[in-house]
file entry15.cif (mmCIF, C-alpha atoms)
data_protein
loop_
_atom_site.label_atom_id
_atom_site.label_comp_id
_atom_site.auth_asym_id
_atom_site.auth_seq_id
_atom_site.Cartn_x
_atom_site.Cartn_y
_atom_site.Cartn_z
CA MET A 1 -14.17 -44.26 -27.35
CA SER A 2 -11.41 -44.91 -24.76
CA ARG A 3 -11.10 -48.50 -26.08
CA LEU A 4 -10.44 -47.11 -29.56
CA TRP A 5 -7.69 -44.89 -28.14
CA GLY A 6 -6.21 -47.90 -26.39
CA ILE A 7 -6.13 -49.90 -29.64
CA ALA A 8 -4.59 -46.96 -31.51
CA ILE A 9 -1.85 -46.48 -28.90
CA SER A 10 -1.09 -50.20 -28.78
CA THR A 11 -0.83 -50.32 -32.60
CA ILE A 12 1.63 -47.41 -32.60
CA LEU A 13 3.72 -49.10 -29.91
CA ILE A 14 3.82 -52.41 -31.84
CA LEU A 15 4.69 -50.69 -35.14
CA ALA A 16 7.45 -48.71 -33.51
CA ALA A 17 8.85 -51.81 -31.86
CA CYS A 18 8.81 -53.70 -35.20
CA ALA A 19 10.59 -50.83 -36.93
CA MET A 20 13.33 -50.95 -34.33
CA PHE A 21 13.76 -54.72 -34.76
CA ARG A 22 14.51 -54.27 -38.45
CA ASN A 23 17.47 -52.04 -37.74
CA PRO A 24 18.69 -53.00 -34.30
CA GLU A 25 22.26 -51.72 -34.55
CA LYS A 26 20.98 -48.16 -34.79
CA GLU A 27 19.47 -48.18 -31.34
CA SER A 28 21.97 -50.25 -29.42
CA VAL A 29 24.59 -48.26 -27.61
CA GLU A 30 27.95 -49.97 -27.93
CA VAL A 31 31.15 -48.43 -26.78
CA THR A 32 34.21 -49.91 -28.55
CA PRO A 33 37.64 -49.48 -27.12
CA THR A 34 40.02 -47.19 -28.93
CA ASN A 35 43.61 -46.21 -28.32
CA GLU A 36 42.71 -42.72 -27.15
CA THR A 37 39.98 -43.35 -24.60
CA PRO A 38 40.01 -46.14 -22.11
CA VAL A 39 36.65 -47.88 -21.91
CA VAL A 40 35.25 -48.69 -18.53
CA GLU A 41 32.31 -50.82 -19.54
CA THR A 42 30.31 -51.87 -22.58
CA THR A 43 26.53 -51.56 -22.54
CA THR A 44 24.01 -53.06 -24.88
CA VAL A 45 20.36 -52.09 -24.61
CA ARG A 46 17.59 -54.30 -25.90
CA PRO A 47 16.10 -52.47 -28.90
CA THR A 48 12.41 -53.31 -28.48
CA GLU A 49 12.32 -52.15 -24.89
CA THR A 50 13.99 -48.81 -25.66
CA ALA A 51 11.73 -48.07 -28.60
CA ALA A 52 8.57 -48.93 -26.73
CA VAL A 53 9.57 -46.81 -23.74
CA ARG A 54 10.52 -43.97 -26.04
CA VAL A 55 7.21 -44.03 -27.87
CA HIS A 56 5.37 -44.21 -24.58
CA GLU A 57 7.30 -41.22 -23.20
CA SER A 58 6.74 -39.31 -26.40
CA LEU A 59 3.00 -39.96 -26.26
CA LYS A 60 2.89 -38.83 -22.64
CA PHE A 61 4.77 -35.67 -23.57
CA ASP A 62 2.39 -34.99 -26.48
CA GLU A 63 -0.46 -35.34 -24.04
CA LEU A 64 1.20 -32.85 -21.67
CA LEU A 65 1.65 -30.36 -24.52
CA THR A 66 -1.97 -30.78 -25.63
CA ASP A 67 -3.21 -30.25 -22.07
CA THR A 68 -1.01 -27.19 -21.59
CA LYS A 69 -2.11 -25.72 -24.91
CA ALA A 70 -5.72 -25.97 -23.82
CA LYS A 71 -4.89 -24.09 -20.61
CA LEU A 72 -2.97 -21.18 -22.20
CA PRO A 73 -4.71 -18.01 -20.98
CA THR A 74 -6.20 -15.94 -23.78
CA ARG A 75 -7.31 -12.32 -23.55
CA ASP A 76 -10.86 -13.61 -23.13
CA ILE A 77 -10.15 -14.44 -19.49
CA LEU A 78 -9.96 -10.72 -18.77
CA GLN A 79 -13.53 -10.20 -19.91
CA GLY A 80 -15.93 -10.09 -17.01
CA LYS A 81 -13.21 -9.67 -14.40
CA PRO A 82 -13.70 -6.48 -12.36
CA ALA A 83 -11.04 -3.85 -13.08
CA GLU A 84 -9.79 -4.12 -9.49
CA GLU A 85 -8.94 -7.76 -9.98
CA LEU A 86 -6.65 -6.85 -12.85
CA HIS A 87 -4.59 -4.62 -10.59
CA GLN A 88 -2.20 -7.59 -10.30
CA PRO A 89 -1.49 -10.42 -12.78
CA PRO A 90 -4.50 -12.70 -13.22
CA GLN A 91 -4.40 -16.03 -11.37
CA GLU A 92 -4.53 -17.89 -14.71
CA VAL A 93 -1.16 -16.37 -15.62
CA LEU A 94 0.45 -17.76 -12.47
CA ASP A 95 -1.23 -21.13 -12.99
CA ILE A 96 0.18 -21.61 -16.48
CA GLY A 97 3.65 -21.16 -14.98
CA LEU A 98 3.23 -24.45 -13.13
CA GLU A 99 2.22 -26.16 -16.41
CA PHE A 100 5.31 -24.75 -18.14
CA GLY A 101 7.32 -26.13 -15.24
CA LYS A 102 6.08 -29.65 -16.05
CA ILE A 103 7.32 -29.23 -19.62
CA HIS A 104 10.76 -28.08 -18.47
CA GLU A 105 11.02 -31.03 -16.11
CA ALA A 106 10.06 -33.47 -18.89
CA LEU A 107 12.68 -31.93 -21.19
CA LYS A 108 15.36 -32.24 -18.54
CA GLU A 109 14.48 -35.90 -18.09
CA ASP A 110 14.49 -36.65 -21.81
CA PRO A 111 16.48 -34.16 -23.92
CA ARG A 112 15.31 -35.94 -27.10
CA LEU A 113 12.00 -34.12 -26.62
CA VAL A 114 13.62 -30.68 -26.76
CA SER A 115 12.66 -30.04 -30.39
CA ALA A 116 8.98 -30.75 -29.61
CA GLY A 117 9.23 -28.44 -26.59
CA ALA A 118 10.81 -25.67 -28.65
CA LEU A 119 8.08 -25.97 -31.27
CA PHE A 120 5.38 -25.85 -28.57
CA PHE A 121 6.78 -22.64 -27.08
CA GLY A 122 7.27 -21.19 -30.57
CA GLU A 123 3.63 -21.80 -31.45
CA CYS A 124 2.55 -20.30 -28.13
CA ALA A 125 4.61 -17.15 -28.84
CA SER A 126 2.93 -16.87 -32.26
CA GLN A 127 -0.63 -17.34 -31.00
CA ASP A 128 -2.10 -13.87 -31.15
CA ASP A 129 -5.06 -14.34 -28.82
CA LEU A 130 -2.85 -15.12 -25.83
CA LEU A 131 -1.92 -12.62 -23.15
CA THR A 132 1.24 -10.63 -23.89
CA SER A 133 3.00 -11.85 -20.74
CA VAL A 134 2.39 -15.49 -21.67
CA ARG A 135 3.58 -14.99 -25.25
CA ALA A 136 6.72 -13.24 -24.05
CA VAL A 137 7.65 -16.08 -21.68
CA CYS A 138 6.90 -18.61 -24.43
CA LEU A 139 9.17 -16.73 -26.83
CA ARG A 140 12.01 -16.67 -24.32
CA ASN A 141 11.59 -20.41 -23.71
CA ALA A 142 11.36 -21.21 -27.44
CA ARG A 143 14.67 -19.43 -28.06
CA TYR A 144 16.26 -21.16 -25.09
CA TYR A 145 15.36 -24.62 -26.42
CA GLU A 146 16.20 -23.67 -30.00
CA LYS A 147 19.75 -23.04 -28.84
CA LYS A 148 19.84 -26.40 -27.05
CA ASP A 149 18.98 -28.37 -30.18
CA PRO A 150 20.75 -27.21 -33.35
CA THR A 151 18.31 -29.20 -35.52
CA VAL A 152 15.46 -26.90 -34.46
CA LYS A 153 14.78 -23.88 -36.64
CA LEU A 154 11.85 -21.88 -35.36
CA ALA A 155 9.66 -20.09 -37.85
CA LEU A 156 7.98 -17.54 -35.63
CA ARG A 157 5.02 -15.76 -37.12
CA ASN A 158 3.13 -12.67 -35.97
CA VAL A 159 5.29 -11.92 -32.97
CA PRO A 160 4.61 -8.28 -32.14
CA GLN A 161 7.30 -5.88 -31.04
CA ASP A 162 6.19 -5.64 -27.42
CA VAL A 163 6.30 -9.43 -27.05
CA GLU A 164 9.82 -9.41 -28.55
CA ARG A 165 10.90 -6.58 -26.26
CA ILE A 166 9.52 -8.14 -23.08
CA ALA A 167 10.96 -11.57 -23.93
CA GLY A 168 14.37 -9.96 -24.40
CA GLU A 169 14.14 -8.23 -21.00
CA LEU A 170 13.16 -11.32 -18.99
CA PRO A 171 15.66 -13.04 -16.69
CA GLU A 172 17.63 -15.90 -18.26
CA PRO A 173 16.00 -19.30 -17.65
CA SER A 174 17.48 -21.15 -14.70
CA PHE A 175 15.78 -24.53 -15.09
CA MET B 1 23.28 -25.47 41.93
CA ARG B 2 20.54 -27.59 40.32
CA LEU B 3 18.23 -24.62 40.61
CA TRP B 4 20.67 -22.41 38.74
CA VAL B 5 21.13 -24.97 35.94
CA GLY B 6 17.35 -25.26 35.60
CA PHE B 7 17.02 -21.49 35.52
CA GLY B 8 19.75 -21.29 32.86
CA PHE B 9 17.95 -23.80 30.65
CA CYS B 10 14.65 -21.95 31.03
CA LEU B 11 16.34 -18.69 30.05
CA LEU B 12 17.92 -20.38 27.04
CA PHE B 13 14.56 -21.76 25.89
CA PHE B 14 12.94 -18.38 26.43
CA ILE B 15 15.56 -16.60 24.32
CA ALA B 16 15.34 -19.26 21.59
CA GLY B 17 11.55 -18.97 21.60
CA CYS B 18 11.72 -15.23 21.12
CA GLY B 19 13.77 -15.66 17.95
CA LYS B 20 15.28 -12.81 15.99
CA PRO B 21 13.02 -9.77 15.88
CA LYS B 22 11.61 -9.08 12.43
CA GLN B 23 13.09 -6.11 10.61
CA VAL B 24 9.68 -4.91 9.45
CA SER B 25 7.12 -4.56 12.17
CA LEU B 26 3.52 -4.00 11.10
CA LYS B 27 0.62 -3.29 13.41
CA TYR B 28 -2.46 -5.40 12.83
CA ASP B 29 -5.90 -3.94 13.32
CA SER B 30 -8.44 -6.19 15.02
CA SER B 31 -10.18 -6.46 11.62
CA VAL B 32 -7.29 -8.60 10.27
CA PRO B 33 -8.19 -12.28 10.75
CA GLU B 34 -5.78 -14.35 12.82
CA GLU B 35 -4.74 -16.66 9.97
CA GLN B 36 -3.84 -13.66 7.80
CA ARG B 37 -1.70 -12.20 10.61
CA THR B 38 0.13 -15.51 10.91
CA LEU B 39 0.74 -15.66 7.17
CA PHE B 40 1.87 -12.06 7.01
CA ASP B 41 4.28 -12.64 9.89
CA SER B 42 5.76 -15.58 8.00
CA ASP B 43 6.01 -13.41 4.86
CA LEU B 44 8.07 -10.88 6.81
CA GLU B 45 10.28 -13.69 8.10
CA VAL B 46 10.83 -14.77 4.49
CA LEU B 47 11.83 -11.20 3.68
CA ASP B 48 14.34 -11.26 6.54
CA SER B 49 15.81 -14.51 5.25
CA LEU B 50 16.47 -13.27 1.71
CA SER B 51 20.06 -13.15 0.62
CA LEU B 52 20.67 -11.05 -2.46
CA SER B 53 23.96 -9.82 -3.70
CA SER B 54 22.91 -8.13 -6.95
CA THR B 55 22.64 -4.36 -6.95
CA ALA B 56 21.18 -3.88 -10.45
CA ASP B 57 18.10 -1.60 -10.31
CA ALA B 58 18.79 -0.71 -6.66
CA GLN B 59 18.92 2.98 -7.57
CA MET B 60 15.35 2.69 -8.93
CA MET B 61 14.23 2.20 -5.34
CA ASP B 62 16.83 4.52 -3.82
CA ILE B 63 18.46 1.72 -1.87
CA PRO B 64 22.15 0.75 -1.88
CA ASP B 65 21.49 -2.95 -2.50
CA PHE B 66 18.86 -5.66 -2.22
CA SER B 67 20.03 -7.08 1.08
CA ALA B 68 17.26 -8.01 3.50
CA PRO B 69 18.03 -5.01 5.78
CA SER B 70 17.86 -2.57 2.84
CA LEU B 71 14.55 -3.99 1.62
CA ALA B 72 13.17 -4.04 5.15
CA ALA B 73 14.17 -0.40 5.73
CA TRP B 74 12.54 0.63 2.44
CA LEU B 75 9.32 -1.15 3.39
CA SER B 76 9.31 0.12 6.98
CA HIS B 77 9.34 3.74 5.81
CA ARG B 78 6.21 3.15 3.76
CA SER B 79 4.12 0.63 5.64
CA LYS B 80 2.99 0.80 9.24
CA ALA B 81 -0.25 -1.08 9.71
CA LEU B 82 -2.64 -3.53 8.10
CA VAL B 83 -6.39 -3.40 8.33
CA GLY B 84 -8.77 -6.16 7.30
CA GLN B 85 -11.43 -6.39 4.66
CA ASP B 86 -14.11 -5.45 7.19
CA TYR B 87 -12.34 -2.33 8.39
CA ASP B 88 -15.06 0.30 8.65
CA LEU B 89 -13.75 3.37 6.91
CA GLU B 90 -16.64 5.64 7.93
CA ARG B 91 -16.28 4.75 11.59
CA ASN B 92 -12.51 4.83 11.75
CA VAL B 93 -11.58 7.85 9.65
CA GLY B 94 -12.32 11.22 11.16
CA VAL B 95 -11.59 14.88 10.62
CA LEU B 96 -8.99 16.13 13.08
CA ARG B 97 -8.95 19.67 11.75
CA THR B 98 -10.83 21.53 9.04
CA SER B 99 -9.31 24.35 6.98
CA ASN B 100 -5.99 22.61 7.15
CA PRO B 101 -3.49 24.23 4.84
CA TYR B 102 -2.01 21.85 2.33
CA LEU B 103 0.95 23.15 0.41
CA PRO B 104 1.05 22.99 -2.50
CA ARG B 105 -2.65 23.45 -3.12
CA PRO B 106 -4.77 20.33 -3.22
CA PHE B 107 -5.09 18.35 -6.39
CA ALA B 108 -8.50 17.05 -7.28
CA LEU B 109 -7.69 13.41 -7.62
CA ASP B 110 -10.52 11.15 -6.58
CA LEU B 111 -9.22 7.73 -5.67
CA GLY B 112 -12.79 6.46 -5.31
CA ILE B 113 -12.24 4.73 -2.00
CA ALA B 114 -15.88 3.69 -1.64
CA ASP B 115 -15.97 2.15 -5.13
CA ARG B 116 -12.73 0.32 -4.59
CA ARG B 117 -14.03 -1.31 -1.45
CA GLU B 118 -16.69 -3.00 -3.51
CA GLY B 119 -14.19 -4.55 -5.87
CA LYS B 120 -11.76 -7.39 -5.40
CA ILE B 121 -8.63 -5.31 -5.29
CA MET B 122 -5.83 -7.25 -3.65
CA MET B 123 -4.61 -4.60 -1.25
CA VAL B 124 -5.27 -0.91 -1.05
CA ASN B 125 -2.91 1.68 0.26
CA LEU B 126 -5.64 3.19 2.37
CA GLY B 127 -3.29 5.63 4.11
CA ALA B 128 -2.39 7.27 0.79
CA ALA B 129 -6.03 7.33 -0.29
CA VAL B 130 -7.12 8.98 2.98
CA TYR B 131 -4.31 11.52 2.67
CA MET B 132 -5.46 12.38 -0.86
CA ALA B 133 -9.08 12.70 0.31
CA GLY B 134 -8.01 15.10 3.11
CA LYS B 135 -5.88 17.10 0.74
CA LYS B 136 -8.82 17.50 -1.63
CA GLU B 137 -11.04 18.89 1.14
CA ASN B 138 -8.33 20.80 3.01
CA TRP B 139 -8.96 18.64 6.05
CA LEU B 140 -6.49 16.92 8.30
CA LEU B 141 -7.73 13.37 8.70
CA GLY B 142 -6.99 10.71 11.27
CA MET B 143 -7.39 6.94 11.11
CA LYS B 144 -8.10 4.71 14.06
CA VAL B 145 -6.03 1.57 13.64
CA ALA B 146 -5.36 -1.08 16.27
CA GLY B 147 -6.68 1.20 19.01
CA GLU B 148 -4.47 4.16 18.06
CA THR B 149 -5.16 7.26 15.99
CA ILE B 150 -2.80 7.82 13.08
CA THR B 151 -2.62 11.43 11.96
CA VAL B 152 -2.53 11.29 8.19
CA THR B 153 -0.02 13.98 7.32
CA SER B 154 1.46 12.33 4.25
CA PRO B 155 0.83 9.49 1.79
CA ARG B 156 3.29 7.58 3.97
CA ALA B 157 0.68 6.98 6.65
CA GLY B 158 1.34 3.39 5.61
CA VAL B 159 -2.04 1.83 6.30
CA PHE B 160 -2.87 -0.99 3.90
CA GLN B 161 -6.18 -2.72 3.55
CA ILE B 162 -6.05 -6.37 2.72
CA HIS B 163 -8.80 -7.48 0.43
CA GLU B 164 -8.19 -10.56 -1.62
CA LEU B 165 -4.44 -10.54 -1.15
CA PHE B 166 -4.46 -14.14 -0.11
CA LYS B 167 -6.31 -15.25 -3.22
CA LEU B 168 -3.40 -14.88 -5.64
CA LYS B 169 -1.13 -17.86 -5.18
CA VAL B 170 1.18 -20.27 -6.93
CA SER B 171 1.11 -23.17 -4.49
CA PRO B 172 -2.17 -24.46 -3.04
CA SER B 173 -0.65 -24.13 0.43
CA PRO B 174 -1.04 -20.50 1.57
CA SER B 175 2.05 -20.72 3.79
CA ALA B 176 4.35 -21.97 0.98
CA ARG B 177 7.45 -19.81 0.54
CA ILE B 178 6.56 -19.07 -3.09
CA ASN B 179 3.22 -17.62 -1.97
CA SER B 180 5.06 -15.43 0.56
CA LEU B 181 7.20 -14.09 -2.29
CA VAL B 182 4.07 -13.30 -4.35
CA ARG B 183 2.45 -11.49 -1.40
CA LEU B 184 5.67 -9.59 -0.66
CA SER B 185 5.83 -8.42 -4.24
CA ILE B 186 2.29 -7.02 -3.89
CA LEU B 187 3.19 -5.44 -0.55
CA PHE B 188 6.17 -3.65 -2.13
CA HIS B 189 3.90 -2.48 -4.95
CA GLU B 190 1.44 -0.97 -2.48
CA ALA B 191 4.26 0.55 -0.45
CA ARG B 192 5.36 2.52 -3.52
CA HIS B 193 1.92 4.17 -3.51
CA SER B 194 3.06 5.81 -0.24
CA ASP B 195 5.44 7.98 -2.28
CA GLY B 196 5.16 10.93 -4.63
CA ASN B 197 4.33 14.59 -4.35
CA GLY B 198 2.31 17.31 -6.02
CA ALA B 199 0.54 16.05 -9.11
CA VAL B 200 2.07 12.60 -8.71
CA THR B 201 1.25 12.06 -5.03
CA ALA B 202 0.71 8.31 -4.39
CA LEU B 203 2.04 7.57 -7.90
CA PRO B 204 -1.38 6.53 -9.21
CA HIS B 205 -1.81 4.09 -12.08
CA ALA B 206 -2.57 5.25 -15.61
CA ILE B 207 -5.21 4.12 -18.06
CA CYS B 208 -3.63 1.62 -20.47
CA THR B 209 -3.64 2.97 -24.00
CA SER B 210 -3.05 -0.39 -25.67
CA GLY B 211 -2.38 -4.04 -24.88
CA ASP B 212 -4.27 -6.56 -22.81
CA TYR B 213 -5.44 -4.04 -20.23
CA GLU B 214 -6.42 -1.31 -22.69
CA GLY B 215 -8.87 1.15 -21.13
CA LEU B 216 -8.21 -0.03 -17.57
CA PRO B 217 -6.35 1.89 -14.85
CA ALA B 218 -3.72 -0.85 -14.74
CA CYS B 219 -0.67 0.68 -16.38
CA GLU B 220 2.44 2.46 -15.23
CA ARG B 221 3.38 5.95 -16.33
CA PHE B 222 6.33 6.40 -13.99
CA GLN B 223 9.77 4.92 -14.55
CA ARG B 224 9.99 4.18 -10.84
CA GLY B 225 6.30 3.65 -10.14
CA PRO B 226 4.56 0.80 -8.28
CA TYR B 227 4.51 -1.69 -11.20
CA VAL B 228 8.20 -1.10 -11.75
CA VAL B 229 8.82 -1.80 -8.05
CA SER B 230 6.74 -4.98 -8.44
CA ARG B 231 8.84 -6.00 -11.42
CA ILE B 232 12.14 -5.33 -9.68
CA THR B 233 11.23 -7.07 -6.42
CA THR B 234 9.79 -10.10 -8.24
CA GLU B 235 13.02 -10.37 -10.26
CA LYS B 236 15.02 -10.28 -7.04
CA PHE B 237 12.76 -12.85 -5.37
CA LEU B 238 13.23 -15.14 -8.38
CA GLU B 239 16.97 -14.72 -8.04
CA ALA B 240 16.75 -15.47 -4.32
CA CYS B 241 14.81 -18.68 -4.83
CA PRO B 242 17.13 -21.33 -6.29
CA GLU B 243 15.07 -23.91 -4.43
CA CYS B 244 11.89 -22.92 -6.28
CA THR B 245 10.56 -25.56 -8.67
CA ASP B 246 10.68 -24.89 -12.41
CA GLY B 247 6.95 -24.17 -12.29
CA GLU B 248 7.32 -21.67 -9.44
CA LYS B 249 10.15 -19.93 -11.29
CA GLU B 250 7.97 -19.71 -14.39
CA ALA B 251 5.08 -18.28 -12.36
CA LEU B 252 7.37 -15.51 -11.05
CA THR B 253 8.72 -14.93 -14.58
CA LEU B 254 5.17 -14.59 -15.89
CA MET B 255 4.46 -12.00 -13.17
CA ILE B 256 7.58 -10.10 -14.28
CA ALA B 257 6.39 -10.22 -17.90
CA ASP B 258 2.96 -8.97 -16.84
CA TYR B 259 4.48 -6.02 -14.94
CA ARG B 260 6.72 -5.18 -17.88
CA ALA B 261 3.71 -5.22 -20.22
CA ARG B 262 2.05 -2.56 -18.05
CA LEU B 263 4.81 0.03 -18.43
CA LEU B 264 3.69 2.72 -20.87
CA PRO B 265 6.22 3.53 -23.61
CA ASP B 266 6.33 7.18 -22.56
CA ALA B 267 6.74 6.49 -18.84
CA GLN B 268 8.26 9.47 -17.06
CA GLU B 269 11.05 9.90 -14.60
CA VAL B 270 9.55 11.81 -11.67
CA ASP B 271 10.59 12.85 -8.19
CA THR B 272 9.18 10.05 -6.02
CA ARG B 273 9.86 11.71 -2.67
CA ALA B 274 6.77 11.76 -0.50
CA GLU B 275 5.18 15.10 0.32
CA GLY B 276 3.86 15.84 3.76
CA ILE B 277 2.43 18.52 6.02
CA GLU B 278 3.05 19.54 9.60
CA PRO B 279 0.61 17.80 11.93
#

call {"tool": "encode", "arguments": {"input": "entry15.cif", "output": "structure tokens"}}
result
Amino acid sequence: MSRLWGIAISTILILAACAMFRNPEKESVEVTPTNETPVVETTTVRPTETAAVRVHESLKFDELLTDTKAKLPTRDILQGKPAEELHQPPQEVLDIGLEFGKIHEALKEDPRLVSAGALFFGECASQDDLLTSVRAVCLRNARYYEKKDPTVKLALRNVPQDVERIAGELPEPSF
Amino acid sequence: MRLWVGFGFCLLFFIAGCGKPKQVSLKYDSSVPEEQRTLFDSDLEVLDSLSLSSTADAQMMDIPDFSAPSLAAWLSHRSKALVGQDYDLERNVGVLRTSNPYLPRPFALDLGIADRREGKIMMVNLGAAVYMAGKKENWLLGMKVAGETITVTSPRAGVFQIHELFKLKVSPSPSARINSLVRLSILFHEARHSDGNGAVTALPHAICTSGDYEGLPACERFQRGPYVVSRITTEKFLEACPECTDGEKEALTLMIADYRARLLPDAQEVDTRAEGIEP
């Protein structure tokens, strides 16, 4: 099974690298001197390397999103917990914060992934079996990343009023 | 001369070792395990180190600002001692006087102390619960804590029982600063239960009428109740933690969202001043 995954990932990497070779000028970053701005240095990046790294990073990020999605706390986690334990936020709610943190860090490292991050948080906000607190934080994050990437247009479904209200009352993100 | 220099150095080391006294001083009953005392001491040091300039919501807690001295003073008025999970309520709580007049008349509000002890509640404001129990019976009760008897004349007796407080954490290391902030937020929540008067003595939680906690006594019906205090203090702690990782900031934000979700839409503004009787 894991060998199959390995073959699939390798194939994607090769295909992506080939695609980049066909149109190399698109990926190379060249700064040409103009009258207005003095140029300090000119950089050229090898296209195959960039594409392969990018695909690899993107796959790693997809994996992170898939893992986080599986860990999103649903209302089911409350079942079976004694009432006294729900006197404070459940541990699972705090734990998912650390997972969200990994997503923010990945997006800071590679802003090209912002649209995927925004979509992830948008889907989380729309998922109606999740805890209200989690949906509200997801909604706030989705809006934050939507503003960062003008190409992203979130289509949020089934977001109840209380989730909207709480998201609007949360502190501004500082990551 | 050499003797005097040596003496001077010793004095200097002694003073440095003493450090700055904490602004909140809690008594620990012998039932509090040593490692929990150490952690709680470090939590109080974290509280002393906080530097907050914002004053938004300060009036909700009747404080001028969120400086460390203001927060410490607020907490000191409401919390006096900690007892451990094994604190024996039956052995340590006694009737000091029967037929004790409580004014206004007692309210029949059973906090179910015995039942709560069975559960995994994080921390219980035992002082407020004992006060309510005495009020119900018209008895003046006393609690033996750390070798001294506390006469419970108001919900501000300030005796908290630690249960699973140290279970809720963000970082795996119990002594991490972020975990101190989480515990402090819970401590402030419990301290708010030391307030209130008449029908709203101890500002008890309400049954949630909708949402994730529907049917559970885990909601807030007071605009300035314990969950609101939790929300405010957690917001301030988030603000005071620029060094927190993104994940830690998100964990605090999720706590804030959880506290906000618990506030009932028809939450009331009530007089939160603590009632009390003459000893």

call {"tool": "residues_around", "arguments": {"input": "entry15.cif", "residues": "stretch 184-199 of chain B", "least_positions_apart": "4", "cutoff": "8 Å", "atoms": "all atoms listed in the file", "output": "number ranges by chain"}}
result
A: 88; B: 43-44, 47, 75, 78-79, 104, 107, 123-125, 127-128, 155-158, 160, 180, 203-204, 225-227, 229-230, 233-234, 271-275

call {"tool": "residues_around", "arguments": {"input": "entry15.cif", "residues": "A:Thr66", "least_positions_apart": "6", "cutoff": "12 Å", "atoms": "only C-alpha atoms", "output": "number ranges by chain"}}
result
A: 59-60, 72, 99, 103, 116-117, 120, 124

call {"tool": "write_last_selection", "arguments": {"input": "entry15.cif", "atoms": "C-alpha atoms", "output": "short mmCIF file (atom, residue, chain, number, x, y, z; two decimals), in the frame of the given file"}}
result
data_model
loop_
_atom_site.label_atom_id
_atom_site.label_comp_id
_atom_site.auth_asym_id
_atom_site.auth_seq_id
_atom_site.Cartn_x
_atom_site.Cartn_y
_atom_site.Cartn_z
CA LEU A 59 3.00 -39.96 -26.26
CA LYS A 60 2.89 -38.83 -22.64
CA LEU A 72 -2.97 -21.18 -22.20
CA GLU A 99 2.22 -26.16 -16.41
CA ILE A 103 7.32 -29.23 -19.62
CA ALA A 116 8.98 -30.75 -29.61
CA GLY A 117 9.23 -28.44 -26.59
CA PHE A 120 5.38 -25.85 -28.57
CA CYS A 124 2.55 -20.30 -28.13
#

call {"tool": "interface_residues", "arguments": {"input": "entry15.cif", "of": "chain A", "to": "chain B", "cutoff": "10 Å", "atoms": "only C-alpha atoms", "output": "short mmCIF file (atom, residue, chain, number, x, y, z; two decimals) with C-alpha atoms, in the frame of the given file"}}
result
data_model
loop_
_atom_site.label_atom_id
_atom_site.label_comp_id
_atom_site.auth_asym_id
_atom_site.auth_seq_id
_atom_site.Cartn_x
_atom_site.Cartn_y
_atom_site.Cartn_z
CA THR A 74 -6.20 -15.94 -23.78
CA ARG A 75 -7.31 -12.32 -23.55
CA ASP A 76 -10.86 -13.61 -23.13
CA LEU A 78 -9.96 -10.72 -18.77
CA LYS A 81 -13.21 -9.67 -14.40
CA PRO A 82 -13.70 -6.48 -12.36
CA ALA A 83 -11.04 -3.85 -13.08
CA GLU A 84 -9.79 -4.12 -9.49
CA GLU A 85 -8.94 -7.76 -9.98
CA LEU A 86 -6.65 -6.85 -12.85
CA HIS A 87 -4.59 -4.62 -10.59
CA GLN A 88 -2.20 -7.59 -10.30
CA PRO A 89 -1.49 -10.42 -12.78
CA PRO A 90 -4.50 -12.70 -13.22
CA GLN A 91 -4.40 -16.03 -11.37
CA GLU A 92 -4.53 -17.89 -14.71
CA VAL A 93 -1.16 -16.37 -15.62
CA LEU A 94 0.45 -17.76 -12.47
CA ASP A 95 -1.23 -21.13 -12.99
CA ILE A 96 0.18 -21.61 -16.48
CA GLY A 97 3.65 -21.16 -14.98
CA LEU A 98 3.23 -24.45 -13.13
CA GLU A 99 2.22 -26.16 -16.41
CA PHE A 100 5.31 -24.75 -18.14
CA GLY A 101 7.32 -26.13 -15.24
CA LYS A 102 6.08 -29.65 -16.05
CA ILE A 103 7.32 -29.23 -19.62
CA HIS A 104 10.76 -28.08 -18.47
CA GLU A 105 11.02 -31.03 -16.11
CA ASP A 129 -5.06 -14.34 -28.82
CA LEU A 130 -2.85 -15.12 -25.83
CA LEU A 131 -1.92 -12.62 -23.15
CA THR A 132 1.24 -10.63 -23.89
CA SER A 133 3.00 -11.85 -20.74
CA VAL A 134 2.39 -15.49 -21.67
CA ARG A 135 3.58 -14.99 -25.25
CA ALA A 136 6.72 -13.24 -24.05
CA VAL A 137 7.65 -16.08 -21.68
CA CYS A 138 6.90 -18.61 -24.43
CA ASP A 162 6.19 -5.64 -27.42
CA VAL A 163 6.30 -9.43 -27.05
CA ARG A 165 10.90 -6.58 -26.26
CA ILE A 166 9.52 -8.14 -23.08
CA ALA A 167 10.96 -11.57 -23.93
CA GLU A 169 14.14 -8.23 -21.00
CA LEU A 170 13.16 -11.32 -18.99
CA PRO A 171 15.66 -13.04 -16.69
CA GLU A 172 17.63 -15.90 -18.26
CA PRO A 173 16.00 -19.30 -17.65
CA SER A 174 17.48 -21.15 -14.70
CA PHE A 175 15.78 -24.53 -15.09
#

call {"tool": "residues_near_point", "arguments": {"input": "entry15.cif", "point": "(-5.6, 27.6, 8.4)", "cutoff": "12 Å", "atoms": "all atoms listed in the file", "output": "compact mmCIF listing (two decimals) with C-alpha atoms, keeping the file's coordinate frame"}}
result
# COMPACT_ATOMS: atom_id res chain seq x y z
CA ARG B 97 -8.95 19.67 11.75
CA THR B 98 -10.83 21.53 9.04
CA SER B 99 -9.31 24.35 6.98
CA ASN B 100 -5.99 22.61 7.15
CA PRO B 101 -3.49 24.23 4.84
CA TYR B 102 -2.01 21.85 2.33
CA LEU B 103 0.95 23.15 0.41
CA ASN B 138 -8.33 20.80 3.01
CA TRP B 139 -8.96 18.64 6.05
CA LEU B 140 -6.49 16.92 8.30
CA GLU B 278 3.05 19.54 9.60
